[in-house]
$ cat model-v1.cif   # mmCIF, C-alpha atoms and all ligand atoms
data_protein
#
loop_
_atom_site.label_atom_id
_atom_site.label_comp_id
_atom_site.auth_asym_id
_atom_site.auth_seq_id
_atom_site.Cartn_x
_atom_site.Cartn_y
_atom_site.Cartn_z
CA MET X 1472 36.65 -49.37 -137.18
CA ASN X 1473 34.73 -51.95 -139.27
CA THR X 1474 37.51 -54.44 -139.92
CA VAL X 1475 40.75 -54.53 -137.99
CA PRO X 1476 43.62 -54.60 -140.53
CA ARG X 1477 45.73 -57.78 -140.72
CA ILE X 1478 48.98 -57.37 -138.85
CA GLU X 1479 51.79 -59.90 -138.88
CA ALA X 1480 52.26 -61.79 -135.60
CA SER X 1481 55.89 -60.64 -135.35
CA ARG X 1482 54.71 -57.00 -135.22
CA LEU X 1483 52.15 -57.62 -132.47
CA PRO X 1484 54.37 -56.53 -129.53
CA ALA X 1485 55.06 -53.20 -131.29
CA LEU X 1486 51.34 -52.73 -131.95
CA LEU X 1487 50.44 -53.51 -128.32
CA GLN X 1488 53.00 -50.93 -127.25
CA ALA X 1489 51.92 -48.24 -129.73
CA MET X 1490 48.15 -48.41 -129.34
CA PRO X 1491 46.60 -45.77 -127.07
CA LYS X 1492 44.92 -47.34 -124.07
CA ALA X 1493 43.43 -46.58 -120.66
CA GLU X 1494 44.45 -48.22 -117.42
CA LEU X 1495 41.47 -48.55 -115.07
CA HIS X 1496 42.75 -50.89 -112.38
CA MET X 1497 45.98 -50.09 -110.66
CA HIS X 1498 46.75 -49.36 -107.02
CA ILE X 1499 49.21 -46.52 -106.68
CA GLU X 1500 50.75 -48.14 -103.58
CA GLY X 1501 51.34 -51.20 -105.79
CA SER X 1502 53.57 -49.14 -108.09
CA LEU X 1503 56.18 -48.58 -105.35
CA GLU X 1504 59.32 -50.21 -106.75
CA PRO X 1505 61.77 -51.68 -104.20
CA GLU X 1506 64.31 -48.98 -105.13
CA LEU X 1507 61.80 -46.23 -104.29
CA ILE X 1508 60.76 -48.03 -101.08
CA PHE X 1509 64.40 -47.98 -99.94
CA ALA X 1510 64.95 -44.37 -101.05
CA LEU X 1511 61.84 -43.21 -99.15
CA ALA X 1512 62.75 -45.32 -96.09
CA GLN X 1513 66.12 -43.57 -95.98
CA ARG X 1514 64.63 -40.11 -96.60
CA ASN X 1515 62.07 -40.61 -93.81
CA GLY X 1516 64.15 -42.64 -91.33
CA VAL X 1517 61.82 -45.67 -91.54
CA GLN X 1518 63.26 -49.06 -90.59
CA LEU X 1519 62.45 -51.86 -93.08
CA ALA X 1520 62.32 -55.60 -92.36
CA TYR X 1521 64.66 -56.26 -95.34
CA ASP X 1522 68.24 -55.06 -95.59
CA SER X 1523 68.49 -54.65 -99.38
CA VAL X 1524 66.48 -54.07 -102.54
CA GLU X 1525 67.38 -57.63 -103.61
CA ALA X 1526 66.19 -59.15 -100.32
CA LEU X 1527 62.90 -57.29 -100.60
CA ARG X 1528 62.38 -58.33 -104.22
CA ALA X 1529 63.18 -61.93 -103.29
CA ALA X 1530 60.26 -61.85 -100.83
CA TYR X 1531 57.83 -61.28 -103.72
CA ALA X 1532 56.87 -64.95 -103.97
CA PHE X 1533 53.16 -65.01 -103.26
CA THR X 1534 50.82 -67.94 -102.71
CA ASP X 1535 47.53 -66.02 -102.63
CA LEU X 1536 46.07 -62.53 -102.24
CA GLN X 1537 46.69 -62.31 -98.46
CA SER X 1538 50.37 -63.26 -98.74
CA PHE X 1539 50.79 -60.34 -101.14
CA LEU X 1540 48.75 -57.85 -99.10
CA ASP X 1541 50.93 -58.39 -96.01
CA ILE X 1542 54.04 -57.27 -97.93
CA TYR X 1543 52.19 -54.54 -99.86
CA TYR X 1544 50.97 -52.82 -96.67
CA ALA X 1545 54.47 -53.09 -95.14
CA GLY X 1546 55.96 -51.43 -98.27
CA ALA X 1547 53.50 -48.53 -98.00
CA SER X 1548 54.78 -47.71 -94.49
CA VAL X 1549 57.58 -45.56 -96.00
CA LEU X 1550 55.02 -43.01 -97.27
CA LEU X 1551 54.78 -40.15 -94.80
CA HIS X 1552 54.83 -36.75 -96.51
CA GLU X 1553 52.93 -35.15 -99.39
CA GLN X 1554 56.10 -35.25 -101.50
CA ASP X 1555 56.35 -39.05 -101.03
CA PHE X 1556 52.87 -39.54 -102.49
CA TYR X 1557 53.74 -37.11 -105.28
CA ASP X 1558 57.00 -38.90 -106.16
CA MET X 1559 55.30 -42.32 -106.16
CA ALA X 1560 52.52 -41.16 -108.49
CA ARG X 1561 54.86 -39.29 -110.86
CA ALA X 1562 57.01 -42.43 -111.17
CA TYR X 1563 53.92 -44.48 -112.13
CA LEU X 1564 52.64 -41.86 -114.56
CA ASP X 1565 56.06 -41.72 -116.30
CA ARG X 1566 55.85 -45.49 -116.86
CA ALA X 1567 52.26 -45.22 -118.04
CA VAL X 1568 53.20 -42.56 -120.60
CA ALA X 1569 55.95 -44.88 -121.90
CA ASP X 1570 53.26 -47.57 -122.39
CA ASN X 1571 51.03 -45.17 -124.36
CA VAL X 1572 48.43 -44.99 -121.60
CA VAL X 1573 46.38 -41.89 -122.45
CA HIS X 1574 44.19 -42.10 -119.34
CA ALA X 1575 44.66 -43.72 -115.92
CA GLU X 1576 42.11 -44.17 -113.13
CA ILE X 1577 44.24 -44.74 -110.07
CA PHE X 1578 43.21 -46.42 -106.80
CA PHE X 1579 44.58 -45.19 -103.52
CA ASP X 1580 44.00 -46.76 -100.08
CA PRO X 1581 43.72 -43.87 -97.57
CA GLN X 1582 43.17 -46.14 -94.56
CA THR X 1583 46.63 -47.69 -95.08
CA HIS X 1584 48.04 -44.25 -94.36
CA THR X 1585 45.57 -42.56 -92.01
CA GLU X 1586 45.81 -45.57 -89.64
CA ARG X 1587 49.54 -44.70 -89.32
CA GLY X 1588 48.76 -41.06 -88.51
CA VAL X 1589 49.27 -39.62 -92.02
CA GLY X 1590 46.70 -36.90 -92.81
CA MET X 1591 44.05 -37.46 -95.49
CA GLU X 1592 45.05 -34.17 -97.14
CA THR X 1593 48.71 -35.28 -97.26
CA VAL X 1594 47.70 -38.36 -99.25
CA ILE X 1595 45.17 -36.79 -101.59
CA ASN X 1596 47.04 -33.55 -102.25
CA GLY X 1597 50.30 -35.34 -103.12
CA LEU X 1598 48.55 -37.72 -105.53
CA TYR X 1599 46.36 -35.02 -107.04
CA ARG X 1600 49.26 -32.67 -107.67
CA ALA X 1601 51.15 -35.49 -109.42
CA CYS X 1602 48.15 -36.18 -111.69
CA ARG X 1603 47.79 -32.48 -112.52
CA ASP X 1604 51.50 -31.98 -113.26
CA ALA X 1605 51.66 -35.13 -115.41
CA GLN X 1606 48.67 -33.88 -117.41
CA ILE X 1607 50.34 -30.51 -117.98
CA GLU X 1608 53.85 -31.79 -118.68
CA GLN X 1609 53.17 -35.14 -120.39
CA GLY X 1610 49.61 -34.92 -121.66
CA ILE X 1611 48.35 -37.99 -119.78
CA SER X 1612 44.89 -37.74 -118.23
CA ALA X 1613 44.66 -39.20 -114.71
CA SER X 1614 41.96 -39.40 -112.02
CA LEU X 1615 41.87 -40.81 -108.51
CA ILE X 1616 39.53 -43.43 -107.00
CA LEU X 1617 39.43 -43.71 -103.20
CA SER X 1618 39.35 -47.36 -102.24
CA PHE X 1619 37.99 -48.70 -98.94
CA LEU X 1620 39.81 -51.60 -97.26
CA ARG X 1621 37.26 -54.40 -96.95
CA HIS X 1622 39.06 -56.18 -94.08
CA LEU X 1623 38.23 -53.13 -91.93
CA SER X 1624 34.73 -52.22 -90.73
CA GLU X 1625 32.07 -50.31 -92.61
CA GLU X 1626 32.25 -47.71 -89.85
CA SER X 1627 35.91 -47.14 -90.66
CA ALA X 1628 35.01 -46.79 -94.36
CA MET X 1629 32.31 -44.25 -93.48
CA GLN X 1630 34.76 -42.23 -91.35
CA THR X 1631 37.27 -42.36 -94.20
CA LEU X 1632 34.67 -41.02 -96.62
CA GLU X 1633 33.75 -38.18 -94.26
CA ALA X 1634 37.44 -37.28 -93.81
CA ALA X 1635 37.90 -37.15 -97.59
CA LEU X 1636 34.80 -35.10 -98.38
CA PRO X 1637 36.48 -31.69 -97.95
CA LEU X 1638 38.65 -32.83 -100.91
CA ARG X 1639 35.69 -34.21 -102.88
CA ASP X 1640 36.74 -32.42 -106.09
CA ARG X 1641 40.06 -34.33 -106.13
CA PHE X 1642 38.72 -37.87 -106.62
CA ILE X 1643 36.10 -39.16 -109.00
CA GLY X 1644 34.84 -42.26 -107.26
CA VAL X 1645 35.24 -45.02 -104.70
CA GLY X 1646 36.29 -48.66 -104.83
CA LEU X 1647 36.60 -51.65 -102.51
CA ASP X 1648 39.79 -53.70 -102.19
CA SER X 1649 41.97 -55.80 -99.84
CA SER X 1650 41.13 -59.29 -98.48
CA GLU X 1651 38.12 -60.49 -100.44
CA LEU X 1652 37.21 -63.88 -98.93
CA GLY X 1653 35.05 -63.42 -95.83
CA ASN X 1654 34.41 -59.73 -96.61
CA PRO X 1655 31.42 -59.74 -98.99
CA PRO X 1656 30.20 -56.55 -100.68
CA GLU X 1657 27.06 -56.45 -98.51
CA LYS X 1658 29.27 -55.43 -95.56
CA PHE X 1659 29.62 -52.01 -97.28
CA ALA X 1660 26.03 -51.43 -98.44
CA ARG X 1661 25.47 -48.23 -96.44
CA VAL X 1662 28.72 -46.51 -97.32
CA PHE X 1663 28.27 -47.22 -101.04
CA ALA X 1664 24.68 -45.92 -100.86
CA ARG X 1665 26.01 -42.70 -99.35
CA CYS X 1666 28.70 -42.46 -102.07
CA LYS X 1667 26.05 -42.90 -104.75
CA GLU X 1668 23.98 -40.09 -103.22
CA LEU X 1669 27.09 -37.91 -103.37
CA GLY X 1670 27.42 -38.56 -107.10
CA LEU X 1671 30.67 -40.53 -106.83
CA ARG X 1672 31.44 -43.20 -109.45
CA LEU X 1673 31.32 -46.71 -107.95
CA VAL X 1674 33.53 -49.75 -108.57
CA ALA X 1675 34.52 -52.76 -106.44
CA HIS X 1676 36.92 -55.69 -106.53
CA ALA X 1677 34.83 -58.85 -106.84
CA GLY X 1678 35.45 -62.35 -108.12
CA GLU X 1679 39.25 -62.20 -107.85
CA GLU X 1680 39.39 -65.07 -105.34
CA GLY X 1681 35.79 -64.71 -104.16
CA PRO X 1682 32.74 -66.49 -105.61
CA PRO X 1683 30.32 -65.24 -108.30
CA ALA X 1684 27.93 -64.32 -105.45
CA TYR X 1685 30.29 -61.45 -104.60
CA ILE X 1686 29.95 -60.13 -108.16
CA TRP X 1687 26.16 -60.28 -107.91
CA GLY X 1688 26.41 -58.47 -104.56
CA ALA X 1689 28.67 -55.76 -105.97
CA LEU X 1690 26.23 -55.15 -108.84
CA ASP X 1691 22.94 -55.42 -106.95
CA THR X 1692 23.75 -54.21 -103.44
CA LEU X 1693 26.60 -51.78 -104.06
CA GLN X 1694 25.34 -50.77 -107.53
CA VAL X 1695 28.84 -50.55 -108.96
CA GLU X 1696 29.45 -49.55 -112.56
CA ARG X 1697 32.54 -51.74 -113.10
CA ILE X 1698 33.86 -54.94 -111.53
CA ASP X 1699 37.56 -55.10 -110.71
CA HIS X 1700 38.90 -58.56 -111.67
CA GLY X 1701 35.65 -60.54 -112.04
CA VAL X 1702 37.50 -63.55 -113.46
CA GLN X 1703 35.44 -65.95 -111.31
CA SER X 1704 32.28 -64.94 -113.25
CA GLU X 1705 32.88 -67.87 -115.61
CA LYS X 1706 31.64 -70.22 -112.87
CA ASP X 1707 28.10 -68.82 -113.21
CA GLU X 1708 26.43 -68.95 -116.62
CA ARG X 1709 23.53 -66.69 -115.60
CA LEU X 1710 26.01 -64.07 -114.35
CA MET X 1711 27.95 -64.30 -117.63
CA GLN X 1712 24.73 -63.62 -119.55
CA ARG X 1713 24.01 -60.58 -117.40
CA LEU X 1714 27.53 -59.18 -117.77
CA VAL X 1715 27.23 -59.48 -121.55
CA ARG X 1716 23.69 -58.05 -121.67
CA GLU X 1717 24.54 -55.04 -119.49
CA GLN X 1718 28.09 -54.70 -120.87
CA VAL X 1719 29.49 -54.39 -117.35
CA PRO X 1720 33.24 -53.70 -117.67
CA LEU X 1721 35.60 -56.18 -115.97
CA THR X 1722 39.05 -54.72 -115.25
CA VAL X 1723 41.14 -57.88 -115.60
CA CYS X 1724 44.79 -58.10 -114.42
CA PRO X 1725 46.56 -61.12 -115.96
CA LEU X 1726 50.00 -60.93 -114.28
CA SER X 1727 48.33 -60.30 -110.92
CA ASN X 1728 46.20 -63.44 -111.40
CA LEU X 1729 49.35 -65.40 -112.24
CA LYS X 1730 51.44 -64.09 -109.33
CA LEU X 1731 48.62 -64.56 -106.79
CA CYS X 1732 47.97 -68.10 -108.05
CA VAL X 1733 44.45 -67.35 -109.29
CA VAL X 1734 45.63 -69.06 -112.50
CA LYS X 1735 48.45 -71.62 -112.79
CA ASP X 1736 49.66 -70.51 -116.19
CA LEU X 1737 48.95 -67.47 -118.37
CA ALA X 1738 48.11 -69.83 -121.23
CA GLU X 1739 45.10 -70.93 -119.14
CA HIS X 1740 43.91 -67.39 -118.38
CA ASN X 1741 40.22 -67.00 -119.18
CA LEU X 1742 40.40 -63.46 -120.61
CA PRO X 1743 40.36 -64.70 -124.24
CA ARG X 1744 37.21 -66.72 -123.49
CA LEU X 1745 35.52 -63.84 -121.65
CA LEU X 1746 36.32 -61.52 -124.58
CA ALA X 1747 35.04 -64.01 -127.15
CA ALA X 1748 31.83 -64.44 -125.13
CA GLY X 1749 31.17 -60.70 -125.49
CA LEU X 1750 32.13 -59.44 -122.03
CA LYS X 1751 33.58 -55.95 -121.83
CA VAL X 1752 37.02 -56.92 -120.50
CA MET X 1753 40.32 -55.09 -120.71
CA ILE X 1754 43.88 -55.49 -119.42
CA ASN X 1755 45.39 -53.72 -116.40
CA SER X 1756 48.43 -54.05 -114.16
CA ASP X 1757 46.90 -54.00 -110.61
CA ASP X 1758 50.17 -53.71 -108.63
CA PRO X 1759 52.87 -53.48 -111.31
CA ALA X 1760 55.88 -53.21 -108.98
CA TYR X 1761 54.92 -56.48 -107.29
CA PHE X 1762 53.59 -58.57 -110.17
CA GLY X 1763 56.36 -58.28 -112.75
CA GLY X 1764 55.19 -55.63 -115.13
CA TYR X 1765 53.31 -52.50 -116.12
CA VAL X 1766 50.30 -52.57 -118.41
CA ASN X 1767 52.15 -53.30 -121.68
CA GLU X 1768 53.96 -56.21 -120.08
CA ASN X 1769 50.52 -57.59 -119.15
CA TYR X 1770 49.35 -57.25 -122.76
CA THR X 1771 52.55 -58.68 -124.25
CA GLN X 1772 52.83 -61.69 -121.96
CA LEU X 1773 49.14 -62.59 -122.21
CA PHE X 1774 49.13 -62.30 -126.01
CA ALA X 1775 52.30 -64.42 -126.28
CA ALA X 1776 50.80 -67.09 -124.01
CA THR X 1777 47.33 -67.29 -125.57
CA GLY X 1778 47.84 -66.55 -129.26
CA MET X 1779 45.43 -63.60 -129.36
CA GLY X 1780 46.01 -61.22 -132.30
CA ALA X 1781 45.31 -57.74 -133.66
CA PRO X 1782 41.47 -57.94 -133.53
CA GLU X 1783 41.59 -58.79 -129.83
CA ALA X 1784 44.17 -56.07 -129.21
CA TYR X 1785 41.88 -53.51 -130.81
CA GLN X 1786 38.84 -54.65 -128.82
CA LEU X 1787 40.70 -54.66 -125.50
CA ALA X 1788 42.14 -51.17 -126.02
CA ARG X 1789 38.76 -49.89 -127.16
CA ASN X 1790 37.03 -51.47 -124.14
CA SER X 1791 39.54 -49.76 -121.84
CA LEU X 1792 38.75 -46.34 -123.32
CA GLU X 1793 34.98 -46.89 -123.41
CA ALA X 1794 34.82 -48.22 -119.84
CA SER X 1795 36.65 -45.20 -118.42
CA PHE X 1796 34.84 -42.45 -116.52
CA ALA X 1797 36.04 -39.78 -118.95
CA ASP X 1798 33.38 -37.79 -120.83
CA ASP X 1799 32.01 -38.99 -124.16
CA ALA X 1800 33.75 -36.35 -126.30
CA GLN X 1801 37.10 -37.25 -124.77
CA LYS X 1802 36.47 -40.95 -125.31
CA ALA X 1803 35.55 -40.36 -128.96
CA GLU X 1804 38.83 -38.49 -129.48
CA TRP X 1805 40.87 -41.33 -127.94
CA ILE X 1806 39.03 -43.95 -129.99
CA ALA X 1807 39.78 -41.96 -133.18
CA ARG X 1808 43.46 -42.02 -132.15
CA LEU X 1809 43.23 -45.77 -131.57
CA ASP X 1810 41.76 -46.30 -135.06
CA GLN X 1811 44.51 -44.16 -136.55
CA SER X 1812 47.22 -46.14 -134.78
CA PHE X 1813 45.90 -49.40 -136.29
CA GLU X 1814 45.60 -47.88 -139.78
CA GLN X 1815 49.14 -46.50 -139.64
CA PHE X 1816 50.41 -49.85 -138.46
CA ALA X 1817 48.73 -51.69 -141.33
CA GLN X 1818 50.27 -49.31 -143.89
CA SER X 1819 53.81 -49.21 -142.54
N1 LIG X 1901 44.77 -57.47 -106.31
C1 LIG X 1901 44.25 -56.86 -105.24
N2 LIG X 1901 43.11 -57.35 -104.69
C2 LIG X 1901 42.60 -56.77 -103.60
N3 LIG X 1901 43.12 -55.72 -103.01
C3 LIG X 1901 44.24 -55.20 -103.52
N4 LIG X 1901 44.99 -54.14 -103.13
C4 LIG X 1901 46.00 -54.04 -103.96
N5 LIG X 1901 45.96 -55.00 -104.88
C5 LIG X 1901 44.85 -55.73 -104.64
ZN ZN X 1902 43.28 -54.54 -107.55
#

$ encode --input "model-v1.cif" --output "structure tokens" --more "lines below"
Ligand SMILES: Nc1ncnc2[nH]cnc12
Ligand SMILES: [Zn+2]
Amino acid sequence: MNTVPRIEASRLPALLQAMPKAELHMHIEGSLEPELIFALAQRNGVQLAYDSVEALRAAYAFTDLQSFLDIYYAGASVLLHEQDFYDMARAYLDRAVADNVVHAEIFFDPQTHTERGVGMETVINGLYRACRDAQIEQGISASLILSFLRHLSEESAMQTLEAALPLRDRFIGVGLDSSELGNPPEKFARVFARCKELGLRLVAHAGEEGPPAYIWGALDTLQVERIDHGVQSEKDERLMQRLVREQVPLTVCPLSNLKLCVVKDLAEHNLPRLLAAGLKVMINSDDPAYFGGYVNENYTQLFAATGMGAPEAYQLARNSLEASFADDAQKAEWIARLDQSFEQFAQS
């Protein structure tokens, strides 16, 4: 699209909702709503530390990444059977369809479950079946990315990879998440090298709370193709120039940054500046059940707070589709649909 049509500010929320988009950074365990946590706890006879949905929700007052992760791992303890993983992923995919997400690349954290004695095949098969059924029944495309927990050892990551390899055709790549500070990318150099040899797609969380050096490390040592978060890149001008030159996608998560106190106020979020500087950024929900909204809520709240308009909306949606690991023909089809949605909006 050469010129994005002018669209009145009052119609922006409807445009943000209607435009087709990809979501490339969300953790499926972070989509567990308190209601589903309680329903699964009851179904599986798991005792929770909170006695009601309201009490659990009230505990979602985070001061930093670690304060969130402690509650997030506790919430995931209700997942025991293949059907639990299936139900969780179908619930997310339903919400994604409602937000006009045409393609989702979904992180899952196998170590959170295998450490509790849940089988790798239980996790992957439940999630995979949900993705396949959602594709058939709702037309959404969805793929899985296995994410290593960086607070655990590289040996544990390597064992996790080996345990997942019999199901290699059910996930497209690997990522790196959990506590960032003190766990630099270099800790996982060997396991990422092995994943690259295996032809897996590579991404890593970097520069969420951690310094620009972690983004350099993810690019140079781990050889990742996308950076998850990356909002700290602004502290390093030379890194910014590289990210622009190489068009490295940054999967930014505004409400996550707000709730984990990475930014004080959405109005101060640096995504508009990163976008204007030519970085390939887009908007994602990270852990929507914990941070106050799914992907469209992230778009709507950030646009309301920063005054971005239709041209930025188009670029962000387009970046999300282009930065996905889908094939080029599929991406071209989605981008044509995106163009059409803007044209229809301008005419109506
Ligand atoms: N925002 C985040 N950062 C690191 N690890 C995570 N796991 C789930 N959400 C995460
Ligand atoms: Zn994340």

$ residues_near_ligand --input "model-v1.cif" --ligand "ligand ZN 1902 (chain X)" --cutoff "7 Å" --atoms "all atoms listed in the file" --output "PyMOL selection string"
chain X and resi 1496-1498+1648+1676+1699+1757

$ residues_near_ligand --input "model-v1.cif" --ligand "ligand LIG 1901 (chain X)" --cutoff "9 Å" --atoms "only C-alpha atoms and all ligand atoms" --output "number ranges by chain"
X: 1497-1501, 1536-1537, 1539-1540, 1543-1544, 1578-1580, 1618, 1620-1621, 1647-1651, 1676-1677, 1679-1680, 1699-1700, 1724, 1727-1728, 1731, 1757-1758

$ closest_residue --input "model-v1.cif" --among "X:Glu1608, X:Asp1640, X:Glu1657, X:Glu1525" --to "Gly1670 (chain X)" --atoms "all atoms listed in the file"
X:Asp1640

$ closest_residue --input "model-v1.cif" --among "X:Met1591, X:Leu1671, X:Ala1605, X:Ile1754" --to "Ala1784 (chain X)" --atoms "all atoms listed in the file"
X:Ile1754

$ residues_near_point --input "model-v1.cif" --point "(31.8, -70.0, -104.7)" --cutoff "12 Å" --atoms "only C-alpha atoms" --output "number ranges by chain"
X: 1652-1653, 1655, 1677-1687, 1703-1707

$ build_atoms --input "model-v1.cif" --residues "region 1741-1756 of chain X" --atoms "N, CA, C and O atoms" --output "PDB file, in the frame of the given file"
ATOM      1  N   ASN X1741      41.515 -66.976-118.486  1.00  0.00           N
ATOM      2  CA  ASN X1741      40.220 -67.000-119.180  1.00  0.00           C
ATOM      3  C   ASN X1741      39.879 -65.709-119.916  1.00  0.00           C
ATOM      4  O   ASN X1741      38.814 -65.615-120.525  1.00  0.00           O
ATOM      5  N   LEU X1742      40.749 -64.714-119.913  1.00  0.00           N
ATOM      6  CA  LEU X1742      40.400 -63.460-120.610  1.00  0.00           C
ATOM      7  C   LEU X1742      40.029 -63.688-122.086  1.00  0.00           C
ATOM      8  O   LEU X1742      39.033 -63.112-122.538  1.00  0.00           O
ATOM      9  N   PRO X1743      40.777 -64.504-122.844  1.00  0.00           N
ATOM     10  CA  PRO X1743      40.360 -64.700-124.240  1.00  0.00           C
ATOM     11  C   PRO X1743      38.931 -65.257-124.356  1.00  0.00           C
ATOM     12  O   PRO X1743      38.174 -64.854-125.239  1.00  0.00           O
ATOM     13  N   ARG X1744      38.575 -66.156-123.437  1.00  0.00           N
ATOM     14  CA  ARG X1744      37.210 -66.720-123.490  1.00  0.00           C
ATOM     15  C   ARG X1744      36.167 -65.674-123.105  1.00  0.00           C
ATOM     16  O   ARG X1744      35.098 -65.587-123.706  1.00  0.00           O
ATOM     17  N   LEU X1745      36.468 -64.875-122.085  1.00  0.00           N
ATOM     18  CA  LEU X1745      35.520 -63.840-121.650  1.00  0.00           C
ATOM     19  C   LEU X1745      35.309 -62.836-122.792  1.00  0.00           C
ATOM     20  O   LEU X1745      34.188 -62.410-123.068  1.00  0.00           O
ATOM     21  N   LEU X1746      36.396 -62.471-123.464  1.00  0.00           N
ATOM     22  CA  LEU X1746      36.320 -61.520-124.580  1.00  0.00           C
ATOM     23  C   LEU X1746      35.491 -62.108-125.718  1.00  0.00           C
ATOM     24  O   LEU X1746      34.596 -61.438-126.261  1.00  0.00           O
ATOM     25  N   ALA X1747      35.763 -63.364-126.041  1.00  0.00           N
ATOM     26  CA  ALA X1747      35.040 -64.010-127.150  1.00  0.00           C
ATOM     27  C   ALA X1747      33.558 -64.166-126.829  1.00  0.00           C
ATOM     28  O   ALA X1747      32.714 -64.139-127.721  1.00  0.00           O
ATOM     29  N   ALA X1748      33.236 -64.295-125.530  1.00  0.00           N
ATOM     30  CA  ALA X1748      31.830 -64.440-125.130  1.00  0.00           C
ATOM     31  C   ALA X1748      31.092 -63.095-125.135  1.00  0.00           C
ATOM     32  O   ALA X1748      29.893 -63.047-124.885  1.00  0.00           O
ATOM     33  N   GLY X1749      31.818 -62.005-125.384  1.00  0.00           N
ATOM     34  CA  GLY X1749      31.170 -60.700-125.490  1.00  0.00           C
ATOM     35  C   GLY X1749      31.205 -59.865-124.228  1.00  0.00           C
ATOM     36  O   GLY X1749      30.517 -58.843-124.132  1.00  0.00           O
ATOM     37  N   LEU X1750      32.009 -60.270-123.232  1.00  0.00           N
ATOM     38  CA  LEU X1750      32.130 -59.440-122.030  1.00  0.00           C
ATOM     39  C   LEU X1750      33.059 -58.267-122.307  1.00  0.00           C
ATOM     40  O   LEU X1750      34.001 -58.368-123.097  1.00  0.00           O
ATOM     41  N   LYS X1751      32.783 -57.155-121.624  1.00  0.00           N
ATOM     42  CA  LYS X1751      33.580 -55.950-121.830  1.00  0.00           C
ATOM     43  C   LYS X1751      34.805 -55.994-120.906  1.00  0.00           C
ATOM     44  O   LYS X1751      34.813 -55.390-119.842  1.00  0.00           O
ATOM     45  N   VAL X1752      35.808 -56.763-121.312  1.00  0.00           N
ATOM     46  CA  VAL X1752      37.020 -56.920-120.500  1.00  0.00           C
ATOM     47  C   VAL X1752      38.134 -56.048-121.069  1.00  0.00           C
ATOM     48  O   VAL X1752      38.112 -55.696-122.243  1.00  0.00           O
ATOM     49  N   MET X1753      39.088 -55.730-120.224  1.00  0.00           N
ATOM     50  CA  MET X1753      40.320 -55.090-120.710  1.00  0.00           C
ATOM     51  C   MET X1753      41.459 -55.459-119.770  1.00  0.00           C
ATOM     52  O   MET X1753      41.241 -56.111-118.743  1.00  0.00           O
ATOM     53  N   ILE X1754      42.674 -55.043-120.129  1.00  0.00           N
ATOM     54  CA  ILE X1754      43.880 -55.490-119.420  1.00  0.00           C
ATOM     55  C   ILE X1754      44.466 -54.354-118.586  1.00  0.00           C
ATOM     56  O   ILE X1754      44.576 -53.217-119.055  1.00  0.00           O
ATOM     57  N   ASN X1755      44.844 -54.703-117.354  1.00  0.00           N
ATOM     58  CA  ASN X1755      45.390 -53.720-116.400  1.00  0.00           C
ATOM     59  C   ASN X1755      46.528 -54.354-115.618  1.00  0.00           C
ATOM     60  O   ASN X1755      46.712 -55.570-115.644  1.00  0.00           O
ATOM     61  N   SER X1756      47.238 -53.512-114.836  1.00  0.00           N
ATOM     62  CA  SER X1756      48.430 -54.050-114.160  1.00  0.00           C
ATOM     63  C   SER X1756      48.241 -54.314-112.663  1.00  0.00           C
ATOM     64  O   SER X1756      49.080 -54.969-112.057  1.00  0.00           O
TER      65      SER X1756
END
